[in-house]
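Structure file start-v1.cif; described as mmCIF, C-alpha atoms.
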data_model
#
loop_
_atom_site.label_atom_id
_atom_site.label_comp_id
_atom_site.auth_asym_id
_atom_site.auth_seq_id
_atom_site.Cartn_x
_atom_site.Cartn_y
_atom_site.Cartn_z
CA MET A 1351 0.85 0.83 16.98
CA GLN A 1352 -1.14 -2.16 18.19
CA LYS A 1353 0.49 -4.30 20.84
CA ASN A 1354 -0.97 -7.65 19.74
CA ARG A 1355 0.35 -7.57 16.18
CA SER A 1356 2.70 -10.33 15.08
CA PHE A 1357 5.99 -9.69 13.34
CA TRP A 1358 4.49 -10.56 9.93
CA GLN A 1359 1.57 -8.19 10.45
CA THR A 1360 4.02 -5.33 10.89
CA ILE A 1361 5.73 -6.16 7.56
CA ILE A 1362 2.81 -7.26 5.37
CA HIS A 1363 -0.02 -4.80 4.79
CA PRO A 1364 -3.43 -6.24 5.83
CA ASP A 1365 -4.90 -5.61 2.33
CA THR A 1366 -2.20 -7.68 0.60
CA THR A 1367 -3.75 -10.45 -1.51
CA LEU A 1368 -2.38 -13.95 -2.08
CA PRO A 1369 -1.57 -13.35 -5.78
CA LEU A 1370 0.32 -10.21 -4.76
CA LEU A 1371 2.30 -12.22 -2.20
CA LEU A 1372 3.17 -14.74 -4.94
CA ILE A 1373 4.39 -11.90 -7.15
CA VAL A 1374 6.46 -10.53 -4.25
CA GLY A 1375 7.90 -14.02 -3.67
CA PHE A 1376 8.84 -14.29 -7.36
CA PHE A 1377 10.58 -10.90 -7.22
CA LEU A 1378 12.45 -11.70 -4.00
CA LEU A 1379 13.60 -15.04 -5.41
CA ASN A 1380 14.92 -13.27 -8.50
CA ALA A 1381 16.58 -10.57 -6.38
CA CYS A 1382 18.36 -13.22 -4.28
CA GLY A 1383 19.56 -14.95 -7.43
CA PHE A 1384 21.01 -11.74 -8.82
CA PHE A 1385 22.64 -10.85 -5.49
CA PHE A 1386 24.28 -14.29 -5.32
CA ASP A 1387 25.38 -13.86 -8.93
CA ALA A 1388 26.94 -10.49 -8.04
CA TYR A 1389 28.73 -12.10 -5.09
CA TYR A 1390 30.02 -14.89 -7.34
CA LYS A 1391 31.29 -12.34 -9.89
CA LEU A 1392 33.03 -10.42 -7.12
CA ASN A 1393 35.73 -13.11 -7.13
CA GLU A 1394 36.15 -13.20 -10.92
CA GLU A 1395 38.88 -11.21 -12.58
CA GLY A 1396 37.49 -8.48 -14.86
CA ALA A 1397 33.82 -9.13 -14.05
CA THR A 1398 33.22 -5.82 -12.29
CA SER A 1399 30.73 -4.50 -14.84
CA ALA A 1400 28.82 -7.80 -14.80
CA MET A 1401 28.75 -7.64 -11.01
CA VAL A 1402 27.33 -4.10 -11.08
CA VAL A 1403 24.65 -5.17 -13.59
CA SER A 1404 23.67 -8.08 -11.32
CA LEU A 1405 23.47 -5.78 -8.29
CA ILE A 1406 21.32 -3.25 -10.15
CA THR A 1407 19.03 -6.00 -11.44
CA GLY A 1408 18.73 -7.45 -7.93
CA VAL A 1409 17.73 -4.05 -6.58
CA ARG A 1410 15.30 -3.72 -9.53
CA TYR A 1411 13.46 -6.78 -8.19
CA ALA A 1412 13.87 -6.16 -4.44
CA VAL A 1413 12.67 -2.54 -4.22
CA PRO A 1414 9.29 -3.04 -5.96
CA ALA A 1415 8.77 -6.24 -3.95
CA ALA A 1416 9.23 -4.32 -0.71
CA GLY A 1417 6.82 -1.66 -1.94
CA LEU A 1418 4.21 -4.15 -3.14
CA VAL A 1419 4.09 -6.03 0.16
CA ARG A 1420 3.35 -2.69 1.84
CA MET A 1421 0.76 -1.78 -0.81
CA LYS A 1422 2.59 1.28 -2.13
CA ARG A 1423 1.07 2.68 -5.32
CA TRP A 1424 4.49 3.64 -6.71
CA ALA A 1425 5.58 -0.01 -6.51
CA ARG A 1426 2.52 -1.14 -8.47
CA LEU A 1427 3.17 1.45 -11.17
CA ALA A 1428 6.89 0.66 -11.27
CA GLU A 1429 6.20 -3.04 -11.62
CA ILE A 1430 3.67 -2.49 -14.40
CA ILE A 1431 6.26 -0.47 -16.34
CA LEU A 1432 9.07 -2.95 -15.67
CA SER A 1433 6.87 -5.92 -16.56
CA ILE A 1434 5.92 -4.29 -19.87
CA ILE A 1435 9.65 -3.92 -20.58
CA ALA A 1436 10.16 -7.59 -19.61
CA VAL A 1437 7.40 -8.69 -22.02
CA ALA A 1438 9.03 -6.66 -24.80
CA THR A 1439 12.37 -8.27 -23.93
CA GLY A 1440 10.68 -11.66 -24.12
CA VAL A 1441 9.46 -10.88 -27.63
CA VAL A 1442 13.02 -9.92 -28.63
CA LEU A 1443 14.29 -13.19 -27.12
CA LEU A 1444 11.69 -15.12 -29.12
CA LEU A 1445 12.78 -13.39 -32.32
CA ALA A 1446 16.42 -14.13 -31.49
CA GLY A 1447 15.65 -17.83 -31.16
CA ALA A 1448 15.62 -18.18 -27.37
CA LEU A 1449 12.22 -19.86 -27.24
CA GLY A 1450 12.25 -20.95 -23.58
CA GLY A 1451 13.48 -17.69 -22.09
CA GLY A 1452 11.25 -15.60 -24.30
CA LEU A 1453 8.10 -17.58 -23.53
CA PHE A 1454 8.86 -17.64 -19.81
CA SER A 1455 9.34 -13.89 -19.70
CA ILE A 1456 6.21 -13.18 -21.74
CA ILE A 1457 3.99 -15.55 -19.75
CA ILE A 1458 5.19 -14.64 -16.24
CA HIS A 1459 5.32 -10.89 -16.73
CA GLY A 1460 2.13 -10.95 -18.80
CA LEU A 1461 0.32 -12.59 -15.87
CA ILE A 1462 1.82 -10.02 -13.50
CA ILE A 1463 0.56 -7.17 -15.70
CA TYR A 1464 -2.86 -8.83 -15.97
CA TYR A 1465 -3.15 -9.13 -12.18
CA LEU A 1466 -1.86 -5.63 -11.42
CA PHE A 1467 -4.53 -4.21 -13.75
CA SER A 1468 -7.29 -6.46 -12.35
CA GLU A 1469 -10.21 -5.06 -10.41
CA LYS A 1470 -9.26 -7.11 -7.34
CA CYS A 1471 -5.78 -5.60 -7.27
CA ARG A 1472 -7.08 -2.09 -7.92
CA ARG A 1473 -9.47 -2.49 -4.96
CA ALA A 1474 -6.64 -3.72 -2.76
CA PHE A 1475 -4.65 -0.59 -3.61
CA HIS A 1476 -7.78 1.55 -3.09
CA LEU A 1477 -7.75 2.76 -6.70
CA PRO A 1478 -10.88 3.71 -8.64
CA ALA A 1479 -12.28 0.95 -10.86
#
What do you get writing this file as structure tokens?
Amino acid sequence: MQKNRSFWQTIIHPDTTLPLLLIVGFFLLNACGFFFDAYYKLNEEGATSAMVVSLITGVRYAVPAAGLVRMKRWARLAEIILSIIAVATGVVLLLAGALGGGLFSIIIHGLIIYYLFSEKCRRAFHLPA
């Protein structure tokens, strides 16, 4: 290990791109929100199942974020799959009448899928074009 590396250089892979860091930031923000939600539900009577769902969803965002910032191929694949599910969920929300939530999910996760399939991202992960 190099001696002159900063703390951030030990956490963030040198090939990490700015759009990938923005995606990681989005995931970590969501994970924190779900963890706080789980903590809030810890004090509610009969909200145990909702608390477990919030914890699982928080982990669903945090684990791929940790993998993406370290340029792990499994994290890229996992996020592509989970973003496709999120886009499908957004379509269901649109059909159910939740216009704002549906559009937000479709747009954000659609952009994530677009970037993760882009040539720039594939090069960063050292994948064939």
### Query
Separation of atom CA of A:Ile1462 and atom CA of A:Leu1445, in Å?
22.0 Å
Tell me which protein, DNA and RNA residues are within 6 Å of stretch 1375-1392 of chain A, counting only C-alpha atoms, leaving out same-chain ones fewer than 6 positions away, and put them as a PDB file with C-alpha atoms, in the frame of the given file.
ATOM      1  CA  MET A1401      28.750  -7.640 -11.010  1.00  0.00           C
ATOM      2  CA  SER A1404      23.670  -8.080 -11.320  1.00  0.00           C
ATOM      3  CA  LEU A1405      23.470  -5.780  -8.290  1.00  0.00           C
ATOM      4  CA  GLY A1408      18.730  -7.450  -7.930  1.00  0.00           C
ATOM      5  CA  TYR A1411      13.460  -6.780  -8.190  1.00  0.00           C
ATOM      6  CA  ALA A1412      13.870  -6.160  -4.440  1.00  0.00           C
ATOM      7  CA  ALA A1415       8.770  -6.240  -3.950  1.00  0.00           C
TER       8      ALA A1415
END
Within 8 Å of stretch 1361-1368 of chain A, which residues of stretch 1380-1470 of chain A show up? Give each one with its shortest atom-to-atom distance in Å (one decimal) and the two atoms involved, counting only C-alpha atoms, rows by chain then rising residue number, as a tab-separated table.
residue	atom	partner	partner_atom	distance
A:Val1419	CA	A:Ile1362	CA	5.5
A:Arg1420	CA	A:His1363	CA	5.0
A:Met1421	CA	A:His1363	CA	6.4
### Query
For the file shown, what are the residues hit by the PyMOL selection byres ((chain A and resi 1457) around 12), laid out as a list in words?
Ser1433, Ile1434, Ala1436, Val1437, Ala1438, Thr1439, Gly1440, Val1441, Leu1449, Gly1450, Gly1451, Gly1452, Leu1453, Phe1454, Ser1455, Ile1456, Ile1458, His1459, Gly1460, Leu1461, Ile1462, Ile1463 and Tyr1464 of chain A
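The two atoms in question, atom CA of A:Leu1432 and atom CA of A:Ile1373, are spaced 13.2 Å apart.
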### Query
In terms of the shortest atom-to-atom distance over all atoms listed in the file, which of A:Ala1446, A:Thr1398, A:Leu1466, A:Val1409 is closest to A:Leu1427?
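Looking only at the distances to A:Leu1427, the closest residue turns out to be A:Leu1466.
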### Task
Could you please determine the separation between atom CA of A:Pro1478 and atom CA of A:Arg1423 in Å, to one decimal place?
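Here the two named atoms are 12.4 Å from each other.
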Mind giving me the axis-aligned box for stretch 1371-1387 of chain A with 4 Å on every side, centre plus edges in Å to one decimal, as AutoDock Vina command-line options?
--center_x 13.8 --center_y -12.8 --center_z -5.6 --size_x 31.1 --size_y 12.5 --size_z 14.7
### Message
Counting only C-alpha atoms, which residue out of A:Ala1397, A:Ile1406, A:Ile1430, A:Ala1416 sits closest to A:Tyr1465?
### Response
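Closest to A:Tyr1465 of all the choices is A:Ile1430.
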